[in-house]
Amino acid sequence: MKINKILVVDDEETISSYLGRKLTKLGYEVLVAGDGETAVDMAFSSLPDVVLLDVKLPRMNGYEVCRKIKANENTRFTTVIMLSAKTQGNEIQQGLDAGCDLYLTKPIGFPDILQHLKSFEK
Amino acid sequence: MKLLGKAFSTKSILSKLLVSFVVLSAVPLIVLAYLANRNLHETGVEALTNIEEMGQMNLSLIEQLRKKVVQDAVQALDAKSTEAIEVRTVDLANAIAAFLYERDNDARTLASISPSKNNYLNFFQCHYRTVIEPPSTTNDYSASQEPSFTVISSNPENGQSWRHQPQYDFKKKTIPIYQEITFLDLEGNEKIKITSQGASTELKNVSSRRNTYCQAEDYFQYLTSLTDNDIYVSKVIGEHVPGWLQISDGMVTVDPASAYAGKENLGGKKFEGIIRWVIPVLEGGKRVGYCALALDHQHIMQFTDHIVPTEERFTNVSDAGEGNYAWLWDSEDRCISHPRDFFIMGFDCNTGQEVPGWISETAYREYLSSGKTLEEFVRQLPSLRDFTQTKKGARAQTGIGRIALDCKTLDMAPQCQGWHDGTEDGGSGSFVILWSGLWKLTSYAAVPYFTGQYSKTKRGFGYVTFGANVDDFHKAANDTKLYIQKTLEEQKDSIEKVNLKTGSTIRKKENDNRNLLLAIGFFSIMAVVGASVFISYGITKPIKNLTAGALAMRRGELNQRINVTSSDEIGELAASFNEMASTIAEVDQMKSEFVTIASHEFRTPIHSMLLSVTGILGGYSGQINDEVKEDLETVKLEIDRLMRLVNDLLDLSRIEARKIELQIEPIAISDLVNQAVERISELAVINHHSVENRLETEKTVVFVDCDRMVQVLINLLGNAIKYNPYQGKIIIHGLIHEDTFSIVIVDNGYGIPPWAQQKVFDKFFQADIYMSQKVGGTGLGLSISKHIVEKHGGSIQCASPISQSDYPDLPLNLERKGTMFTVTIPISKKTGGLTEHEN
């Protein structure tokens, strides 16, 4: 799988803008959403290859967003990487149940994120 | 057992309740039971006493009654017996009189017959009479039998009080009534003389005393003065037969040489005598002579010798020794019939003189000094002078066996005077006299025969007397007395039996009541115990619920609520507890929410920082020189440390809030330790430490949350590595106890000063700030470890410095004082069910 388009979903602008800037610089087309509903809309309309999805989001949480993406015919093969400050086992399990492909816990270094992304490109 | 022990320990509510309830109920009960029992006992005792008194009263009443009844019965029976004896006496006297009058008739008949040998012989042979033959030995003694019941009336209507006496079947013989009958002429010459041998040829002149019977008769001198209608009747004439009484040991016996004395001396010589009837014989109105009839004295004896004044009634031979017999006195008080023949007055046939009667020794002495012959003296003795039984019979008379009884002069026999006085008017009667030490009833009756000389007094022919031992003649009364006594004894016995029975019944009732009281007491106390257990259960159960609730809360089960069932103080307490529990749960919820939020909120900026720093370090923000890179590395280290701190804080707060659930599973010690060693091996290598794992194959199984226990071991091993100079040594070994396993981690690091050894488990405590900063510790690791171990029911200890003798191959010195952490976890008891372990 070749990754072109990445949807970064985080209500923390510092994080989404940083990731946006760095990933764009690395040649990816980056879309940014600050809440769950927007994220779902953008996922359906823009059909990104990867969604970097925070869990704690306004309007709709990450689990729900993930389920909607995975439930949609057009986006069900979209790679969803959850990136959350929720580190407890049950929280991780919830993510996996919602259908995410990878659950990463915050804090995580940027090179590590890249490494995970690249692992999906193989 | 433990619970029971607790329940009954002096402090438990149950025991307090029990004691107070039992005291409150049992004490009055015991007092009540004691009083009831005592009253009962006293009532019983009183009842017994009353019954006994009643019985005694009864008995004494019966005794009085007995005396009275016996006395009355005896008196009544005595009166009857006495009367019966009197009647028999009178009857006997009348029978004798009738017999004598028959002789008068015989005399008149004979006088009317022409005197001829043949006529007289015929007459003689027509006058026979039966007499009872005394037995030849005492073995043939017989008396009339007891009333027989073999003869009964054929008509049952006669059955009431039917009495029957068989005929007296004594041996008898028929003998002539008269010894002789004679015809005398007017001069006293016997003309005809008939005896049992027939007509006698030895005819004498009876005017001469020598030619009379025993030379003692002088009747002829009186014949001339007889009128034609008169009959002369003589006294009893016969030869006196001597006799001797022997007295030894109070018993009177008759000497065998004596005269016949009935049963007392069957072989003795009998008294033989006659009573002569003489009547003028007229021919053509002119007296031609006299006919005389000599009555054989035996026939008189027949009347008295076979009659017994007791129930026996009659006998073939009387027994004067028994004291029950009859005898006869003539009009001059001479004894003319007696069972003891030697008592009968008689004559000395050699002299024709009457043998003087027995007199007292006193009178005999008087005679001796009188200068008279005894015959003269006695003949002249005043009649019935100074009679008393204190006098004794004259020994001189007893010595020669001349002890005939003449009641006029028998001055040692006062009863003579009684008989004499009683028959003065021709009457009859009785009296009782103490004679020879025995009370004797004696009855008397005059014999109403008034012919010839016997018409001089109302006493007639004389008098019959009966002697009877009072005891014998009281027999009926005594029998009654004995019967009454026996009945009363039985009554007494039965009263005593009833008393005993009543007593035992009362005692049994008393016992039953005591048992009943005991049973009631026992059941009451049991009921009280039951009630107190119930009440205490009612109190302690909610308290136990509260305690259980509080304990559960302590374990972190904050949703614990007490089921409030009552509205009392305990109910209030439970309600307060529930309220408090709710508050605590709320606060706990808030706290855990805060921790969650805080941890999330901390992570976000850390995440941002980490993204940036790692991005820069990774060269994604352009080229940076080595100095910047080095500085940023420091920043990254601090971000990592901050992150660890956040993680530890979160962990600790969760543990403290009991938010973590242990995932208990069986695991071998070796697995736990090996995992931890594996995880720190890199760190150890970096620091050039050697780790000696002696538990690599320890197969003891513990029930623990594996991840958490590995976390603890990593923490301890990490500390052992971090707080240790280069090339340190770490030893892991184990100690097995009864139900625990201790994992010991010993290092030869810097050690922990004694003052800090307890504080190392406190939050944020760091003994050496510099070292801590250097190794990047958060100050929470040991605190978390302690919580985890304790949550497993185990303990964690710290010791420093290490003794070289304990660990000889551990290099120790001043810098390397060494530290030892011991984690003790239960093998299976509290964390699982496994009790066995392998080494």
# chains A, B, ... in the order shown; residues from 1 in each chain; ligands from 1
call {"tool": "residues_around", "arguments": {"residues": "Leu104 in chain A", "least_positions_apart": "2", "cutoff": "10 Å", "atoms": "only C-alpha atoms", "output": "count of residues only"}}
result
18
call {"tool": "select_by_dssp", "arguments": {"residues": "chain A", "states": "alpha helix (DSSP H)", "output": "ChimeraX atom specification"}}
result
/A:13-25,36-46,62-71,89-98,110-121
call {"tool": "residues_around", "arguments": {"residues": "range 221-230 of chain B", "least_positions_apart": "5", "cutoff": "7 Å", "atoms": "only C-alpha atoms", "output": "PyMOL selection string"}}
result
chain B and resi 207+279-280
call {"tool": "write_last_selection", "arguments": {"atoms": "all heavy atoms", "output": "mmCIF file, in the first residue's frame"}}
result
data_model
loop_
_atom_site.group_PDB
_atom_site.id
_atom_site.type_symbol
_atom_site.label_atom_id
_atom_site.label_comp_id
_atom_site.auth_asym_id
_atom_site.auth_seq_id
_atom_site.Cartn_x
_atom_site.Cartn_y
_atom_site.Cartn_z
ATOM 1 N N SER B 207 -77.855 -102.745 166.533
ATOM 2 C CA SER B 207 -77.911 -101.777 167.637
ATOM 3 C C SER B 207 -76.526 -101.624 168.246
ATOM 4 O O SER B 207 -76.223 -100.653 168.917
ATOM 5 C CB SER B 207 -78.926 -102.244 168.696
ATOM 6 O OG SER B 207 -78.508 -103.482 169.275
ATOM 7 N N ILE B 279 -86.515 -97.032 157.306
ATOM 8 C CA ILE B 279 -87.920 -96.632 157.396
ATOM 9 C C ILE B 279 -88.689 -97.734 158.149
ATOM 10 O O ILE B 279 -88.409 -98.928 157.956
ATOM 11 C CB ILE B 279 -88.487 -96.389 155.975
ATOM 12 C CG1 ILE B 279 -89.934 -95.870 156.020
ATOM 13 C CG2 ILE B 279 -88.369 -97.619 155.063
ATOM 14 C CD1 ILE B 279 -90.399 -95.294 154.677
ATOM 15 N N PRO B 280 -89.594 -97.341 159.008
ATOM 16 C CA PRO B 280 -90.340 -98.375 159.745
ATOM 17 C C PRO B 280 -91.209 -99.231 158.800
ATOM 18 O O PRO B 280 -91.729 -98.710 157.808
ATOM 19 C CB PRO B 280 -91.254 -97.566 160.675
ATOM 20 C CG PRO B 280 -90.647 -96.198 160.741
ATOM 21 C CD PRO B 280 -89.962 -95.976 159.460
#
call {"tool": "residues_around", "arguments": {"residues": "Ile13 in chain B", "least_positions_apart": "4", "cutoff": "12 Å", "atoms": "only C-alpha atoms", "output": "JSON, numbers by chain"}}
result
{"B": [6, 7, 8, 9, 17, 18, 19, 20, 21, 532, 533, 534, 535, 536, 537, 538, 539, 540, 541, 543, 544]}
call {"tool": "write_last_selection", "arguments": {"atoms": "N, CA and C atoms", "output": "compact mmCIF listing (two decimals), in the first residue's frame"}}
result
# COMPACT_ATOMS: atom_id res chain seq x y z
N LYS B 6 -15.39 -16.62 70.44
CA LYS B 6 -15.52 -15.17 70.44
C LYS B 6 -16.87 -14.77 71.01
N ALA B 7 -17.88 -15.57 70.59
CA ALA B 7 -19.24 -15.25 71.01
C ALA B 7 -19.36 -15.36 72.53
N PHE B 8 -18.59 -16.29 73.12
CA PHE B 8 -18.75 -16.52 74.56
C PHE B 8 -17.65 -15.86 75.37
N SER B 9 -16.77 -15.11 74.68
CA SER B 9 -15.78 -14.39 75.46
C SER B 9 -16.52 -13.34 76.26
N LEU B 17 -25.33 -10.40 77.42
CA LEU B 17 -26.78 -10.61 77.44
C LEU B 17 -27.12 -11.88 78.17
N LEU B 18 -26.35 -12.93 77.84
CA LEU B 18 -26.60 -14.25 78.46
C LEU B 18 -26.52 -14.14 79.97
N VAL B 19 -25.41 -13.55 80.42
CA VAL B 19 -25.20 -13.46 81.87
C VAL B 19 -26.34 -12.67 82.50
N SER B 20 -26.66 -11.48 81.92
CA SER B 20 -27.68 -10.66 82.57
C SER B 20 -29.05 -11.33 82.50
N PHE B 21 -29.36 -11.94 81.36
CA PHE B 21 -30.66 -12.61 81.23
C PHE B 21 -30.76 -13.78 82.21
N SER B 532 -31.81 -14.77 74.66
CA SER B 532 -30.68 -13.86 74.64
C SER B 532 -29.83 -14.07 73.39
N VAL B 533 -29.72 -15.34 72.97
CA VAL B 533 -28.98 -15.61 71.73
C VAL B 533 -29.69 -14.92 70.57
N PHE B 534 -31.04 -15.06 70.58
CA PHE B 534 -31.82 -14.47 69.50
C PHE B 534 -31.64 -12.95 69.48
N ILE B 535 -31.79 -12.36 70.69
CA ILE B 535 -31.69 -10.90 70.77
C ILE B 535 -30.28 -10.44 70.40
N SER B 536 -29.31 -11.17 70.96
CA SER B 536 -27.93 -10.76 70.69
C SER B 536 -27.63 -10.93 69.21
N TYR B 537 -28.25 -11.98 68.62
CA TYR B 537 -28.07 -12.18 67.18
C TYR B 537 -28.66 -10.99 66.45
N GLY B 538 -29.85 -10.56 66.93
CA GLY B 538 -30.52 -9.40 66.33
C GLY B 538 -29.65 -8.16 66.42
N ILE B 539 -28.86 -8.06 67.53
CA ILE B 539 -28.00 -6.87 67.69
C ILE B 539 -26.70 -7.06 66.94
N THR B 540 -26.13 -8.29 67.13
CA THR B 540 -24.79 -8.45 66.58
C THR B 540 -24.79 -8.65 65.07
N LYS B 541 -25.89 -9.18 64.54
CA LYS B 541 -25.89 -9.42 63.10
C LYS B 541 -25.72 -8.11 62.33
N ILE B 543 -24.44 -5.46 63.44
CA ILE B 543 -23.10 -4.94 63.75
C ILE B 543 -22.06 -5.68 62.91
N LYS B 544 -22.30 -7.01 62.81
CA LYS B 544 -21.37 -7.80 61.99
C LYS B 544 -21.46 -7.35 60.53
call {"tool": "residues_around", "arguments": {"residues": "range 8-15 of chain A", "least_positions_apart": "3", "cutoff": "7 Å", "atoms": "only C-alpha atoms", "output": "JSON, numbers by chain"}}
result
{"A": [18, 19, 31, 32, 33, 34, 35, 39, 51, 52, 53, 54, 57], "B": [608]}
call {"tool": "interface_residues", "arguments": {"of": "chain B", "to": "chain A", "cutoff": "12 Å", "atoms": "only C-alpha atoms", "output": "PyMOL selection string"}}
result
chain B and resi 595-622+636+639-644+646-647+650-651+654+659-660
call {"tool": "write_last_selection", "arguments": {"atoms": "C-alpha atoms", "output": "PDB file, in the first residue's frame"}}
result
ATOM      1  CA  VAL B 595      -6.559  10.993  38.063  1.00  0.00           C
ATOM      2  CA  THR B 596      -7.786   9.813  34.685  1.00  0.00           C
ATOM      3  CA  ILE B 597      -8.347  13.299  33.427  1.00  0.00           C
ATOM      4  CA  ALA B 598      -5.120  14.558  34.942  1.00  0.00           C
ATOM      5  CA  SER B 599      -3.126  11.769  33.404  1.00  0.00           C
ATOM      6  CA  HIS B 600      -4.706  12.483  30.031  1.00  0.00           C
ATOM      7  CA  GLU B 601      -4.174  16.177  30.398  1.00  0.00           C
ATOM      8  CA  PHE B 602      -0.537  15.666  31.379  1.00  0.00           C
ATOM      9  CA  ARG B 603       0.063  13.328  28.475  1.00  0.00           C
ATOM     10  CA  THR B 604      -1.136  15.742  25.859  1.00  0.00           C
ATOM     11  CA  PRO B 605       1.490  18.465  26.456  1.00  0.00           C
ATOM     12  CA  ILE B 606       4.139  15.819  27.094  1.00  0.00           C
ATOM     13  CA  HIS B 607       3.120  14.243  23.827  1.00  0.00           C
ATOM     14  CA  SER B 608       3.459  17.596  22.056  1.00  0.00           C
ATOM     15  CA  MET B 609       6.866  18.169  23.570  1.00  0.00           C
ATOM     16  CA  LEU B 610       8.002  14.649  22.763  1.00  0.00           C
ATOM     17  CA  LEU B 611       6.750  14.968  19.153  1.00  0.00           C
ATOM     18  CA  SER B 612       8.698  18.190  18.709  1.00  0.00           C
ATOM     19  CA  VAL B 613      11.869  17.111  20.436  1.00  0.00           C
ATOM     20  CA  THR B 614      12.011  13.717  18.728  1.00  0.00           C
ATOM     21  CA  GLY B 615      11.164  15.411  15.433  1.00  0.00           C
ATOM     22  CA  ILE B 616      14.063  17.837  15.870  1.00  0.00           C
ATOM     23  CA  LEU B 617      16.405  15.067  17.047  1.00  0.00           C
ATOM     24  CA  GLY B 618      15.286  12.934  14.090  1.00  0.00           C
ATOM     25  CA  GLY B 619      16.298  15.715  11.750  1.00  0.00           C
ATOM     26  CA  TYR B 620      12.776  16.464  10.556  1.00  0.00           C
ATOM     27  CA  SER B 621      13.218  20.145  11.365  1.00  0.00           C
ATOM     28  CA  GLY B 622      16.444  20.595   9.566  1.00  0.00           C
ATOM     29  CA  LYS B 636      13.986  14.173  26.002  1.00  0.00           C
ATOM     30  CA  ILE B 639      10.248  14.253  29.176  1.00  0.00           C
ATOM     31  CA  ASP B 640      10.685  10.511  29.650  1.00  0.00           C
ATOM     32  CA  ARG B 641      11.104  11.017  33.378  1.00  0.00           C
ATOM     33  CA  LEU B 642       8.063  13.240  33.515  1.00  0.00           C
ATOM     34  CA  MET B 643       6.169  10.541  31.666  1.00  0.00           C
ATOM     35  CA  ARG B 644       7.322   7.877  34.124  1.00  0.00           C
ATOM     36  CA  VAL B 646       2.839  10.539  35.429  1.00  0.00           C
ATOM     37  CA  ASN B 647       2.561   6.789  34.879  1.00  0.00           C
ATOM     38  CA  LEU B 650      -1.488   7.157  37.937  1.00  0.00           C
ATOM     39  CA  ASP B 651      -0.530   3.660  38.926  1.00  0.00           C
ATOM     40  CA  ARG B 654      -5.194   3.557  41.095  1.00  0.00           C
ATOM     41  CA  LYS B 659      -8.863   0.402  41.243  1.00  0.00           C
ATOM     42  CA  ILE B 660      -6.574  -2.383  40.179  1.00  0.00           C
TER      43      ILE B 660
END
call {"tool": "residues_around", "arguments": {"residues": "His733 in chain B", "least_positions_apart": "6", "cutoff": "7 Å", "atoms": "only C-alpha atoms", "output": "VMD selection string"}}
result
chain B and resid 693 to 695 743 to 745
call {"tool": "residues_around", "arguments": {"residues": "Lys68 in chain A", "least_positions_apart": "6", "cutoff": "9 Å", "atoms": "only C-alpha atoms", "output": "PyMOL selection string"}}
result
chain A and resi 40+75-76+98
call {"tool": "atom_distance", "arguments": {"atom1": "CA of Ala259 in chain B", "atom2": "CA of Asp319 in chain B"}}
result
13.9 Å
call {"tool": "select_by_dssp", "arguments": {"residues": "range 287-400 of chain B", "states": "strand (DSSP E or B)", "output": "list of chain:residue names"}}
result
B:Arg287, B:Val288, B:Gly289, B:Tyr290, B:Cys291, B:Ala292, B:Leu293, B:Ala294, B:Leu295, B:Asp296, B:Ile307, B:Phe314, B:Thr315, B:Tyr325, B:Ala326, B:Trp327, B:Leu328, B:Trp329, B:Asp330, B:Arg334, B:Cys335, B:Ile336, B:Ser337, B:Phe347, B:Asp348, B:Gln353, B:Glu354, B:Ser360, B:Gly393
call {"tool": "write_last_selection", "arguments": {"atoms": "N, CA and C atoms", "output": "PDB file, in the first residue's frame"}}
result
ATOM      1  N   ARG B 287     -96.006-101.463 163.812  1.00  0.00           N
ATOM      2  CA  ARG B 287     -94.598-101.483 163.404  1.00  0.00           C
ATOM      3  C   ARG B 287     -94.004-102.833 163.744  1.00  0.00           C
ATOM      4  N   VAL B 288     -93.441-103.472 162.688  1.00  0.00           N
ATOM      5  CA  VAL B 288     -92.882-104.806 162.937  1.00  0.00           C
ATOM      6  C   VAL B 288     -91.362-104.789 162.822  1.00  0.00           C
ATOM      7  N   GLY B 289     -90.882-103.761 162.303  1.00  0.00           N
ATOM      8  CA  GLY B 289     -89.414-103.678 162.132  1.00  0.00           C
ATOM      9  C   GLY B 289     -89.064-102.480 161.230  1.00  0.00           C
ATOM     10  N   TYR B 290     -87.880-102.596 160.648  1.00  0.00           N
ATOM     11  CA  TYR B 290     -87.394-101.497 159.803  1.00  0.00           C
ATOM     12  C   TYR B 290     -86.720-102.088 158.577  1.00  0.00           C
ATOM     13  N   CYS B 291     -86.907-101.430 157.497  1.00  0.00           N
ATOM     14  CA  CYS B 291     -86.070-101.820 156.356  1.00  0.00           C
ATOM     15  C   CYS B 291     -85.042-100.724 156.140  1.00  0.00           C
ATOM     16  N   ALA B 292     -83.824-101.195 155.842  1.00  0.00           N
ATOM     17  CA  ALA B 292     -82.718-100.240 155.671  1.00  0.00           C
ATOM     18  C   ALA B 292     -82.077-100.441 154.296  1.00  0.00           C
ATOM     19  N   LEU B 293     -81.759 -99.316 153.646  1.00  0.00           N
ATOM     20  CA  LEU B 293     -81.147 -99.397 152.317  1.00  0.00           C
ATOM     21  C   LEU B 293     -79.815 -98.608 152.378  1.00  0.00           C
ATOM     22  N   ALA B 294     -78.734 -99.351 152.143  1.00  0.00           N
ATOM     23  CA  ALA B 294     -77.416 -98.683 152.199  1.00  0.00           C
ATOM     24  C   ALA B 294     -76.991 -98.273 150.784  1.00  0.00           C
ATOM     25  N   LEU B 295     -77.229 -97.009 150.466  1.00  0.00           N
ATOM     26  CA  LEU B 295     -76.882 -96.487 149.130  1.00  0.00           C
ATOM     27  C   LEU B 295     -75.369 -96.559 148.929  1.00  0.00           C
ATOM     28  N   ASP B 296     -74.998 -97.181 147.841  1.00  0.00           N
ATOM     29  CA  ASP B 296     -73.561 -97.206 147.527  1.00  0.00           C
ATOM     30  C   ASP B 296     -73.108 -95.772 147.220  1.00  0.00           C
ATOM     31  N   ILE B 307     -68.107 -84.188 136.174  1.00  0.00           N
ATOM     32  CA  ILE B 307     -68.564 -82.899 135.636  1.00  0.00           C
ATOM     33  C   ILE B 307     -67.406 -81.906 135.680  1.00  0.00           C
ATOM     34  N   PHE B 314     -67.963 -82.534 130.593  1.00  0.00           N
ATOM     35  CA  PHE B 314     -67.910 -83.815 131.331  1.00  0.00           C
ATOM     36  C   PHE B 314     -66.618 -84.527 131.043  1.00  0.00           C
ATOM     37  N   THR B 315     -66.250 -85.414 131.952  1.00  0.00           N
ATOM     38  CA  THR B 315     -65.039 -86.196 131.764  1.00  0.00           C
ATOM     39  C   THR B 315     -65.230 -87.576 132.385  1.00  0.00           C
ATOM     40  N   TYR B 325     -63.257 -78.665 138.817  1.00  0.00           N
ATOM     41  CA  TYR B 325     -63.974 -79.873 139.243  1.00  0.00           C
ATOM     42  C   TYR B 325     -65.069 -79.492 140.232  1.00  0.00           C
ATOM     43  N   ALA B 326     -65.893 -80.497 140.512  1.00  0.00           N
ATOM     44  CA  ALA B 326     -66.998 -80.258 141.462  1.00  0.00           C
ATOM     45  C   ALA B 326     -66.844 -81.205 142.658  1.00  0.00           C
ATOM     46  N   TRP B 327     -67.345 -80.796 143.731  1.00  0.00           N
ATOM     47  CA  TRP B 327     -67.359 -81.681 144.891  1.00  0.00           C
ATOM     48  C   TRP B 327     -68.514 -81.340 145.803  1.00  0.00           C
ATOM     49  N   LEU B 328     -68.685 -82.099 146.852  1.00  0.00           N
ATOM     50  CA  LEU B 328     -69.943 -82.055 147.601  1.00  0.00           C
ATOM     51  C   LEU B 328     -69.690 -82.038 149.112  1.00  0.00           C
ATOM     52  N   TRP B 329     -70.491 -81.260 149.773  1.00  0.00           N
ATOM     53  CA  TRP B 329     -70.421 -81.180 151.241  1.00  0.00           C
ATOM     54  C   TRP B 329     -71.780 -81.553 151.808  1.00  0.00           C
ATOM     55  N   ASP B 330     -71.727 -82.134 152.955  1.00  0.00           N
ATOM     56  CA  ASP B 330     -73.050 -82.473 153.522  1.00  0.00           C
ATOM     57  C   ASP B 330     -73.562 -81.347 154.402  1.00  0.00           C
ATOM     58  N   ARG B 334     -69.283 -81.402 155.973  1.00  0.00           N
ATOM     59  CA  ARG B 334     -68.254 -82.413 155.778  1.00  0.00           C
ATOM     60  C   ARG B 334     -68.125 -82.691 154.299  1.00  0.00           C
ATOM     61  N   CYS B 335     -66.899 -82.877 153.862  1.00  0.00           N
ATOM     62  CA  CYS B 335     -66.693 -83.186 152.444  1.00  0.00           C
ATOM     63  C   CYS B 335     -67.136 -84.626 152.243  1.00  0.00           C
ATOM     64  N   ILE B 336     -68.090 -84.859 151.317  1.00  0.00           N
ATOM     65  CA  ILE B 336     -68.574 -86.211 151.110  1.00  0.00           C
ATOM     66  C   ILE B 336     -68.334 -86.697 149.687  1.00  0.00           C
ATOM     67  N   SER B 337     -67.805 -85.816 148.866  1.00  0.00           N
ATOM     68  CA  SER B 337     -67.444 -86.259 147.503  1.00  0.00           C
ATOM     69  C   SER B 337     -66.376 -85.314 146.972  1.00  0.00           C
ATOM     70  N   PHE B 347     -64.114 -92.618 158.382  1.00  0.00           N
ATOM     71  CA  PHE B 347     -63.923 -93.153 159.735  1.00  0.00           C
ATOM     72  C   PHE B 347     -62.755 -94.103 159.790  1.00  0.00           C
ATOM     73  N   ASP B 348     -62.275 -94.260 160.957  1.00  0.00           N
ATOM     74  CA  ASP B 348     -61.296 -95.324 161.187  1.00  0.00           C
ATOM     75  C   ASP B 348     -62.123 -96.576 161.523  1.00  0.00           C
ATOM     76  N   GLN B 353     -64.312 -94.530 164.962  1.00  0.00           N
ATOM     77  CA  GLN B 353     -64.235 -93.089 165.209  1.00  0.00           C
ATOM     78  C   GLN B 353     -64.046 -92.349 163.885  1.00  0.00           C
ATOM     79  N   GLU B 354     -64.698 -91.216 163.798  1.00  0.00           N
ATOM     80  CA  GLU B 354     -64.487 -90.407 162.600  1.00  0.00           C
ATOM     81  C   GLU B 354     -63.107 -89.786 162.641  1.00  0.00           C
ATOM     82  N   SER B 360     -55.562 -76.213 160.678  1.00  0.00           N
ATOM     83  CA  SER B 360     -54.349 -75.451 160.398  1.00  0.00           C
ATOM     84  C   SER B 360     -53.293 -75.795 161.436  1.00  0.00           C
ATOM     85  N   GLY B 393     -51.785 -75.779 156.513  1.00  0.00           N
ATOM     86  CA  GLY B 393     -52.320 -77.023 157.074  1.00  0.00           C
ATOM     87  C   GLY B 393     -51.360 -77.656 158.085  1.00  0.00           C
TER      88      GLY B 393
END
